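Here is the file query11.cif (mmCIF, C-alpha atoms).
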```cif
data_run
loop_
_atom_site.label_atom_id
_atom_site.label_comp_id
_atom_site.auth_asym_id
_atom_site.auth_seq_id
_atom_site.Cartn_x
_atom_site.Cartn_y
_atom_site.Cartn_z
CA MET K 1106 -39.53 -14.57 7.42
CA PRO K 1107 -35.95 -13.23 7.11
CA GLN K 1108 -34.73 -12.50 3.63
CA PRO K 1109 -31.66 -14.43 2.39
CA GLU K 1110 -28.49 -12.36 2.57
CA LYS K 1111 -27.18 -11.09 -0.76
CA THR K 1112 -23.94 -12.67 -1.87
CA ALA K 1113 -21.65 -10.17 -3.56
CA LYS K 1114 -19.56 -11.29 -6.51
CA LEU K 1115 -16.01 -11.94 -5.39
CA HIS K 1116 -13.31 -9.64 -6.67
CA ARG K 1117 -10.96 -11.88 -8.63
CA VAL K 1118 -7.23 -11.39 -8.08
CA VAL K 1119 -5.08 -13.21 -10.64
CA VAL K 1120 -1.40 -13.65 -9.79
CA LEU K 1121 0.96 -14.05 -12.76
CA ALA K 1122 3.87 -16.36 -11.88
CA LEU K 1123 6.80 -15.84 -14.24
CA PRO K 1124 9.88 -18.09 -14.58
CA GLY K 1125 12.33 -17.33 -11.78
CA VAL K 1126 9.56 -16.05 -9.49
CA ILE K 1127 10.42 -15.34 -5.86
CA PRO K 1128 8.30 -17.73 -3.74
CA PHE K 1129 7.87 -15.29 -0.87
CA GLU K 1130 6.44 -12.61 -3.13
CA LEU K 1131 4.31 -15.12 -5.02
CA GLY K 1132 2.63 -16.05 -1.74
CA ILE K 1133 1.83 -12.49 -0.63
CA PRO K 1134 -1.41 -11.97 -2.64
CA TYR K 1135 -3.05 -15.14 -1.35
CA ARG K 1136 -1.88 -14.47 2.20
CA ILE K 1137 -3.48 -11.00 2.17
CA PHE K 1138 -6.38 -11.06 -0.30
CA GLY K 1139 -7.19 -14.72 0.31
CA LYS K 1140 -7.65 -14.15 4.03
CA ALA K 1141 -9.81 -11.01 3.80
CA ARG K 1142 -13.29 -11.63 5.23
CA SER K 1143 -16.46 -9.57 5.60
CA ALA K 1144 -18.12 -8.98 8.96
CA ALA K 1145 -20.18 -12.09 8.19
CA ARG K 1146 -16.92 -14.05 7.64
CA ARG K 1147 -17.45 -14.40 3.90
CA PRO K 1148 -14.41 -14.26 1.57
CA LEU K 1149 -14.03 -10.93 -0.20
CA TYR K 1150 -11.61 -12.00 -2.91
CA GLU K 1151 -10.94 -15.03 -5.08
CA VAL K 1152 -7.22 -15.55 -5.73
CA VAL K 1153 -6.07 -17.49 -8.80
CA THR K 1154 -2.47 -18.16 -9.87
CA CYS K 1155 -1.53 -18.55 -13.52
CA THR K 1156 1.56 -18.56 -15.74
CA PRO K 1157 2.24 -17.92 -19.45
CA GLU K 1158 2.99 -21.61 -20.05
CA PRO K 1159 1.24 -23.98 -17.57
CA GLY K 1160 3.35 -26.59 -15.82
CA PRO K 1161 6.48 -26.41 -13.63
CA VAL K 1162 7.67 -22.85 -13.05
CA SER K 1163 11.22 -22.24 -11.88
CA THR K 1164 11.82 -20.09 -8.82
CA ASP K 1165 14.85 -18.34 -7.38
CA ALA K 1166 14.88 -21.02 -4.65
CA ASP K 1167 15.97 -24.65 -4.92
CA PHE K 1168 12.52 -25.89 -5.93
CA PRO K 1169 10.05 -25.30 -8.78
CA ILE K 1170 6.31 -24.79 -8.38
CA MET K 1171 3.49 -26.35 -10.39
CA VAL K 1172 1.01 -23.86 -11.88
CA GLU K 1173 -1.93 -25.42 -13.70
CA ARG K 1174 -3.71 -22.31 -14.99
CA GLY K 1175 -2.56 -20.61 -18.19
CA PRO K 1176 -2.79 -16.98 -19.33
CA ASP K 1177 -6.52 -17.29 -20.10
CA ALA K 1178 -7.06 -16.70 -16.37
CA LEU K 1179 -5.96 -13.07 -16.88
CA ALA K 1180 -9.09 -12.43 -18.96
CA GLU K 1181 -11.18 -13.08 -15.83
CA ALA K 1182 -9.19 -10.79 -13.52
CA ASP K 1183 -10.39 -7.70 -11.70
CA THR K 1184 -6.87 -7.19 -10.32
CA ILE K 1185 -3.66 -8.62 -11.78
CA VAL K 1186 -0.66 -8.97 -9.47
CA VAL K 1187 2.81 -9.61 -10.92
CA PRO K 1188 5.41 -10.74 -8.33
CA ALA K 1189 9.12 -10.24 -8.99
CA SER K 1190 11.21 -12.69 -10.98
CA TYR K 1191 14.97 -13.06 -11.47
CA GLU K 1192 14.58 -14.41 -15.01
CA LEU K 1193 13.04 -11.43 -16.81
CA GLY K 1194 15.73 -11.44 -19.52
CA PRO K 1195 14.94 -8.82 -22.19
CA VAL K 1196 12.29 -7.25 -19.94
CA PHE K 1197 14.98 -6.24 -17.45
CA GLU K 1198 17.83 -5.75 -19.91
CA GLU K 1199 16.06 -4.00 -22.79
CA GLY K 1200 12.62 -3.00 -21.48
CA ARG K 1201 11.03 -5.37 -23.99
CA LEU K 1202 8.38 -8.04 -23.40
CA THR K 1203 9.01 -11.56 -24.63
CA ALA K 1204 6.45 -12.94 -27.06
CA PRO K 1205 4.84 -15.34 -24.52
CA LEU K 1206 4.63 -12.61 -21.89
CA ALA K 1207 3.17 -10.07 -24.34
CA ALA K 1208 0.57 -12.63 -25.43
CA ALA K 1209 -0.31 -13.37 -21.81
CA LEU K 1210 -0.73 -9.71 -20.84
CA ALA K 1211 -2.89 -9.13 -23.92
CA GLN K 1212 -5.49 -11.42 -22.33
CA ALA K 1213 -6.28 -8.79 -19.68
CA ARG K 1214 -9.52 -6.95 -20.16
CA PRO K 1215 -9.83 -3.13 -20.18
CA GLY K 1216 -10.24 -1.53 -16.77
CA VAL K 1217 -8.34 -4.20 -14.84
CA ARG K 1218 -6.26 -3.03 -11.87
CA TRP K 1219 -2.52 -3.74 -12.25
CA VAL K 1220 -0.17 -4.35 -9.33
CA SER K 1221 3.56 -5.11 -9.32
CA ILE K 1222 5.67 -6.33 -6.42
CA CYS K 1223 9.34 -5.30 -6.34
CA THR K 1224 11.10 -5.46 -9.74
CA ALA K 1225 7.97 -6.77 -11.47
CA SER K 1226 7.50 -3.06 -12.15
CA TYR K 1227 9.74 -3.75 -15.16
CA VAL K 1228 6.96 -5.93 -16.60
CA LEU K 1229 4.33 -3.20 -16.25
CA ALA K 1230 6.75 -0.63 -17.65
CA ALA K 1231 7.70 -2.78 -20.65
CA ALA K 1232 3.99 -3.25 -21.33
CA GLY K 1233 3.53 0.53 -21.51
CA LEU K 1234 1.30 0.63 -18.44
CA LEU K 1235 3.52 3.10 -16.56
CA ASP K 1236 4.23 5.61 -19.35
CA GLY K 1237 4.00 9.14 -17.96
CA ARG K 1238 3.01 7.87 -14.53
CA PRO K 1239 4.63 7.73 -11.08
CA ALA K 1240 6.04 4.38 -9.96
CA THR K 1241 8.55 2.75 -7.67
CA THR K 1242 10.66 -0.39 -7.61
CA HIS K 1243 13.34 -1.92 -5.40
CA TRP K 1244 15.78 0.83 -4.45
CA SER K 1245 18.78 -1.10 -5.83
CA SER K 1246 17.21 -1.12 -9.32
CA ALA K 1247 15.75 2.40 -9.28
CA ASP K 1248 18.53 4.09 -11.29
CA HIS K 1249 18.58 1.36 -13.92
CA PHE K 1250 14.77 1.40 -14.09
CA GLN K 1251 14.76 5.17 -14.64
CA ARG K 1252 17.37 4.96 -17.40
CA LEU K 1253 15.50 2.18 -19.16
CA PHE K 1254 12.12 3.93 -18.88
CA PRO K 1255 12.77 7.70 -18.87
CA SER K 1256 9.09 8.63 -19.26
CA ILE K 1257 8.25 7.16 -15.84
CA ALA K 1258 8.44 9.35 -12.72
CA VAL K 1259 10.42 6.97 -10.51
CA ASP K 1260 10.34 7.52 -6.76
CA PRO K 1261 13.00 5.29 -5.20
CA ASP K 1262 12.26 6.30 -1.62
CA VAL K 1263 8.71 5.07 -1.01
CA LEU K 1264 7.22 1.69 -0.13
CA PHE K 1265 4.59 1.83 -2.83
CA VAL K 1266 2.87 4.16 -5.27
CA ASP K 1267 -0.90 4.12 -5.75
CA ASP K 1268 -1.80 5.75 -9.05
CA GLY K 1269 -5.39 4.58 -9.11
CA ASP K 1270 -5.61 1.66 -11.51
CA VAL K 1271 -1.87 0.93 -11.56
CA LEU K 1272 0.09 0.34 -8.36
CA THR K 1273 3.76 -0.48 -7.87
CA SER K 1274 5.62 -1.52 -4.73
CA ALA K 1275 9.24 -1.47 -3.67
CA GLY K 1276 11.24 -4.49 -2.56
CA VAL K 1277 9.97 -7.75 -1.12
CA ALA K 1278 7.97 -7.08 2.09
CA SER K 1279 6.54 -3.82 0.72
CA GLY K 1280 4.29 -6.12 -1.31
CA LEU K 1281 2.56 -6.84 2.01
CA ASP K 1282 2.08 -3.11 2.57
CA LEU K 1283 0.65 -2.60 -0.89
CA CYS K 1284 -1.76 -5.55 -0.73
CA LEU K 1285 -2.97 -4.45 2.72
CA HIS K 1286 -3.39 -0.94 1.32
CA LEU K 1287 -5.62 -2.33 -1.44
CA VAL K 1288 -7.74 -4.30 1.06
CA ARG K 1289 -8.08 -1.10 3.09
CA ARG K 1290 -8.94 0.86 -0.06
CA ASP K 1291 -11.53 -1.70 -1.13
CA HIS K 1292 -13.11 -2.67 2.18
CA GLY K 1293 -11.98 -0.30 4.92
CA THR K 1294 -9.62 -0.24 7.85
CA ALA K 1295 -11.31 -2.87 10.00
CA VAL K 1296 -11.01 -5.60 7.35
CA ALA K 1297 -7.38 -4.72 6.55
CA ASN K 1298 -6.45 -4.62 10.23
CA GLU K 1299 -7.94 -8.07 10.80
CA VAL K 1300 -5.90 -9.51 7.90
CA ALA K 1301 -2.78 -7.83 9.31
CA ARG K 1302 -3.42 -9.24 12.79
CA ARG K 1303 -3.83 -12.75 11.40
CA SER K 1304 -0.64 -12.34 9.38
CA LEU K 1305 1.29 -10.81 12.31
CA VAL K 1306 2.40 -7.80 10.28
CA PRO K 1307 1.96 -4.06 10.91
CA PRO K 1308 -1.54 -3.05 9.77
CA HIS K 1309 -0.36 0.16 8.15
CA ARG K 1310 2.87 1.56 6.79
CA ASP K 1311 1.97 4.46 4.53
CA GLY K 1312 3.24 4.30 0.97
CA GLY K 1313 5.14 7.52 1.54
CA GLN K 1314 7.27 5.90 4.22
CA ALA K 1315 10.80 5.61 2.97
CA GLN K 1316 12.36 2.36 1.85
CA TYR K 1317 15.09 1.18 4.19
CA ILE K 1318 18.07 2.29 2.17
CA ARG K 1319 21.53 2.20 3.76
CA ARG K 1320 20.12 3.23 7.13
CA PRO K 1321 21.95 1.46 9.96
CA VAL K 1322 19.86 0.02 12.78
CA PRO K 1323 20.50 2.09 15.90
CA GLU K 1324 22.82 0.42 18.37
CA PRO K 1325 20.96 -1.01 21.36
CA GLN K 1326 22.57 1.45 23.74
CA GLN K 1327 21.47 4.42 21.63
CA ALA K 1328 18.32 6.30 22.53
CA THR K 1329 15.41 5.85 20.11
CA THR K 1330 12.20 7.76 19.45
CA THR K 1331 9.85 4.89 20.34
CA SER K 1332 8.63 6.41 23.60
CA ALA K 1333 7.90 9.75 21.95
CA ARG K 1334 5.81 8.05 19.27
CA ALA K 1335 3.83 6.08 21.85
CA TRP K 1336 3.33 9.26 23.86
CA ALA K 1337 2.13 11.15 20.77
CA LEU K 1338 -0.32 8.41 19.74
CA GLY K 1339 -2.11 8.86 23.06
CA ARG K 1340 -2.44 12.60 22.49
CA LEU K 1341 -3.19 13.02 18.77
CA GLU K 1342 -6.15 15.27 19.53
CA ARG K 1343 -3.75 17.88 20.97
CA PRO K 1344 -1.48 20.26 19.08
CA LEU K 1345 1.94 18.63 19.46
CA THR K 1346 5.23 20.43 18.98
CA LEU K 1347 8.65 19.11 18.09
CA ARG K 1348 9.93 20.45 21.39
CA GLU K 1349 7.40 18.35 23.31
CA LEU K 1350 8.23 15.23 21.34
CA ALA K 1351 11.96 15.73 21.77
CA ALA K 1352 11.49 16.27 25.51
CA GLN K 1353 10.00 12.75 25.84
CA GLU K 1354 13.39 11.36 24.81
CA ALA K 1355 15.47 14.03 26.57
CA MET K 1356 16.95 15.09 23.23
CA SER K 1357 17.46 18.39 21.51
CA VAL K 1358 14.99 19.13 18.72
CA ARG K 1359 17.75 18.79 16.14
CA THR K 1360 18.94 15.40 17.42
CA PHE K 1361 15.40 14.12 17.81
CA THR K 1362 14.44 15.13 14.27
CA ARG K 1363 17.52 13.47 12.79
CA ARG K 1364 17.04 10.27 14.85
CA PHE K 1365 13.32 10.18 14.01
CA ARG K 1366 14.02 10.31 10.26
CA GLU K 1367 16.63 7.55 10.59
CA GLU K 1368 14.18 5.27 12.37
CA VAL K 1369 10.86 6.06 10.66
CA GLY K 1370 11.89 7.40 7.27
CA VAL K 1371 9.80 10.60 7.42
CA SER K 1372 9.82 13.75 9.51
CA PRO K 1373 7.92 13.92 12.83
CA GLY K 1374 5.39 16.25 11.21
CA GLN K 1375 4.73 13.88 8.32
CA TRP K 1376 4.39 10.97 10.71
CA LEU K 1377 1.89 12.87 12.88
CA THR K 1378 -0.19 13.67 9.81
CA GLN K 1379 -0.20 9.99 8.78
CA GLN K 1380 -1.37 8.93 12.23
CA ARG K 1381 -4.07 11.61 12.32
CA VAL K 1382 -5.38 10.55 8.93
CA GLU K 1383 -5.53 6.96 10.21
CA ARG K 1384 -7.38 8.09 13.36
CA ALA K 1385 -9.85 10.03 11.22
CA ARG K 1386 -10.43 7.00 9.00
CA HIS K 1387 -11.23 4.81 11.99
CA LEU K 1388 -13.62 7.36 13.44
CA LEU K 1389 -15.39 7.98 10.13
CA GLU K 1390 -15.81 4.26 9.53
CA ASP K 1391 -16.70 3.07 13.03
CA THR K 1392 -18.51 5.93 14.80
CA ASP K 1393 -21.39 8.34 14.24
CA LEU K 1394 -19.37 11.35 15.40
CA SER K 1395 -19.90 14.49 13.35
CA VAL K 1396 -17.19 15.53 10.91
CA ASP K 1397 -16.42 18.48 13.22
CA GLN K 1398 -15.91 16.13 16.18
CA VAL K 1399 -13.80 13.70 14.14
CA ALA K 1400 -11.58 16.59 13.07
CA ARG K 1401 -11.07 17.59 16.70
CA ASP K 1402 -10.52 14.05 18.00
CA ALA K 1403 -8.04 13.26 15.23
CA GLY K 1404 -6.04 16.41 15.98
CA PHE K 1405 -6.78 18.38 12.82
CA GLY K 1406 -8.67 21.07 14.72
CA THR K 1407 -11.04 22.05 11.93
CA PRO K 1408 -12.98 20.16 9.26
CA ALA K 1409 -11.22 22.25 6.61
CA SER K 1410 -7.79 21.09 7.79
CA MET K 1411 -8.92 17.46 7.94
CA ARG K 1412 -10.46 17.73 4.48
CA GLN K 1413 -7.20 19.09 3.07
CA HIS K 1414 -5.09 16.30 4.54
CA MET K 1415 -7.50 13.48 3.67
CA GLN K 1416 -7.81 14.78 0.13
CA ALA K 1417 -4.02 14.82 -0.19
CA ALA K 1418 -3.54 11.35 1.32
CA LEU K 1419 -6.60 9.50 0.03
CA GLY K 1420 -8.04 11.54 -2.81
CA VAL K 1421 -11.46 11.96 -1.15
CA SER K 1422 -13.19 14.24 1.35
CA PRO K 1423 -14.14 13.02 4.87
CA THR K 1424 -17.84 13.04 3.95
CA ALA K 1425 -17.28 11.02 0.79
CA TYR K 1426 -15.03 8.59 2.66
CA ARG K 1427 -17.66 7.97 5.33
CA ARG K 1428 -20.47 7.64 2.81
CA THR K 1429 -18.51 5.06 0.82
CA PHE K 1430 -17.48 2.82 3.71
CA ARG K 1431 -20.61 3.14 5.83
CA ALA K 1432 -22.80 2.31 2.83
CA SER K 1433 -20.67 -0.75 2.20
CA ALA K 1434 -20.92 -1.92 5.79
CA SER K 1435 -24.72 -1.67 5.76
CA GLU K 1436 -24.98 -3.55 2.48
CA GLY K 1437 -22.39 -6.22 3.30
CA GLY K 1438 -20.62 -5.85 -0.02
CA PRO K 1439 -17.38 -4.44 -1.40
CA VAL K 1440 -16.90 -0.71 -1.39
CA GLN K 1441 -16.51 1.57 -4.34
CA ASN K 1442 -12.86 2.30 -5.02
CA VAL K 1443 -12.22 5.54 -3.13
CA SER K 1444 -9.05 6.28 -5.07
CA THR K 1445 -10.31 6.14 -8.65
CA ALA K 1446 -9.89 9.89 -8.96
CA ARG K 1447 -6.14 9.40 -8.96
CA ALA K 1448 -6.25 7.56 -12.28
CA THR K 1449 -7.28 10.73 -14.09
CA ARG K 1450 -4.94 13.12 -12.33
CA PRO K 1451 -1.75 14.43 -13.92
CA PRO K 1452 1.22 12.26 -12.85
CA ARG K 1453 3.15 13.42 -9.85
CA ALA K 1454 6.22 12.21 -8.04
CA SER K 1455 4.25 9.92 -5.74
CA SER K 1456 0.52 9.45 -5.49
CA THR K 1457 0.95 8.42 -1.89
CA ALA K 1458 3.07 11.40 -0.79
CA VAL K 1459 2.20 12.53 2.73
CA ALA K 1460 1.17 16.12 3.29
CA LYS K 1461 3.40 18.02 5.68
CA SER K 1462 2.02 19.39 8.92
CA SER K 1463 3.03 22.51 10.74
CA THR K 1464 5.65 20.62 12.73
CA GLY K 1465 7.46 19.88 9.46
#
```
Can the structure in the file be given as structure tokens, please?
Amino acid sequence: MPQPEKTAKLHRVVVLALPGVIPFELGIPYRIFGKARSAARRPLYEVVTCTPEPGPVSTDADFPIMVERGPDALAEADTIVVPASYELGPVFEEGRLTAPLAAALAQARPGVRWVSICTASYVLAAAGLLDGRPATTHWSSADHFQRLFPSIAVDPDVLFVDDGDVLTSAGVASGLDLCLHLVRRDHGTAVANEVARRSLVPPHRDGGQAQYIRRPVPEPQQATTTSARAWALGRLERPLTLRELAAQEAMSVRTFTRRFREEVGVSPGQWLTQQRVERARHLLEDTDLSVDQVARDAGFGTPASMRQHMQAALGVSPTAYRRTFRASASEGGPVQNVSTARATRPPRASSTAVAKSSTG
């Protein structure tokens, strides 16, 4: 007689809606976490929305929202997500929590994972959660944020920063990137990719990818680097040179490198490393190939090179990564957080910085 399948406890994500909240950003956590499913189509997260004072909550749009749960919901959270608000008052102006907000945040239990979207990083900073740590925020507020909180290592150029138990994202849509990153971190690439497909968003933009700051969109008649990227993705197992990539677009190496940075936000070498790490993750999760073969197929050449790049990007070795996600798949439950090591590391400019490859 078959044994009943174990039902894992759902990871509870509590979203804190503050007065003046941006509706788009408020909806991101439910759209991503709320739609994540196991292979057996079971929900993987429970998403709850609360506010410091239950009732109508103003937004930056022409309508309020009704939030029934109060701050007591934060005491039940495994992850707390704070979307941006345009009515932060002394939090934004002085780096000081209001009494209701301080009382609400005090409900959180030790060990909870904190996440901010856009300028909600001010809330985490005012609460002392970012002291001495790396963080990001919307690029237009980065200078002000740094002046207000000088102990924080602000990186204005990335989409998000993962510092283990505290994560911050840049403006607006980067909240999607960060939430997808957390689903991937918790449950693996396949689950995150399925959520991304259902949401019609890119499944992966690495946190180290630059924010889109004053970069003009190339004119339609200008050549782009799209063909070179598609060509490279079909040949990641090979050593690829800048000259080869530039030749796909009939550009000089110098022009290609400049155009690539304008369009993608990182150098060709950094981008190749990101894609190879992603290829390695897929192979480690979904195949029984040896680590040596994965290293070759992903384009790292040797297990030592792959180990170095995966350790830099993810904080774990290939063997540990496979063990974590394959064990989870066989058990049908959530995975152990593969990035917890970051929480005990000395702060650095960005915990999601991408290691450079030989093509630079």
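The residue that comes closest to Thr1154 of chain K, out of K:Ala1240, K:Pro1176, K:Ala1182, K:Val1120 and on the basis of all atoms listed in the file, is K:Val1120.
As for atom CA of Ile1257 of chain K and atom CA of Thr1241 of chain K, they are spaced 9.3 Å apart.
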Could you name the residues that touch Arg1340 of chain K at 10 Å or less, counting all atoms listed in the file, but leaving out those on the same chain fewer than 4 positions away, as a list in words?
Arg1334, Ala1335, Trp1336, Pro1344, Leu1345, Asp1402, Ala1403 and Gly1404 of chain K
Step by step, work through what the PyMOL selection byres ((chain K and resi 1245) around 10) selects in the shown file, and finish by giving those residues as a ChimeraX atom specification.
/K:1224,1242-1244,1246-1250,1261,1275-1276,1318
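Each of K:Gly1370, K:Ala1211, K:Thr1164, K:Gly1175 was checked against Ser1190 of chain K using only C-alpha atoms; the smallest atom-to-atom distance is that of K:Thr1164.
Picture a line from atom CA of Val1271 of chain K to atom CA of Ser1163 of chain K; it runs 26.6 Å.
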Interatomic distance, atom CA of Ala1230 of chain K to atom CA of Thr1273 of chain K (Å, one decimal):
10.2 Å
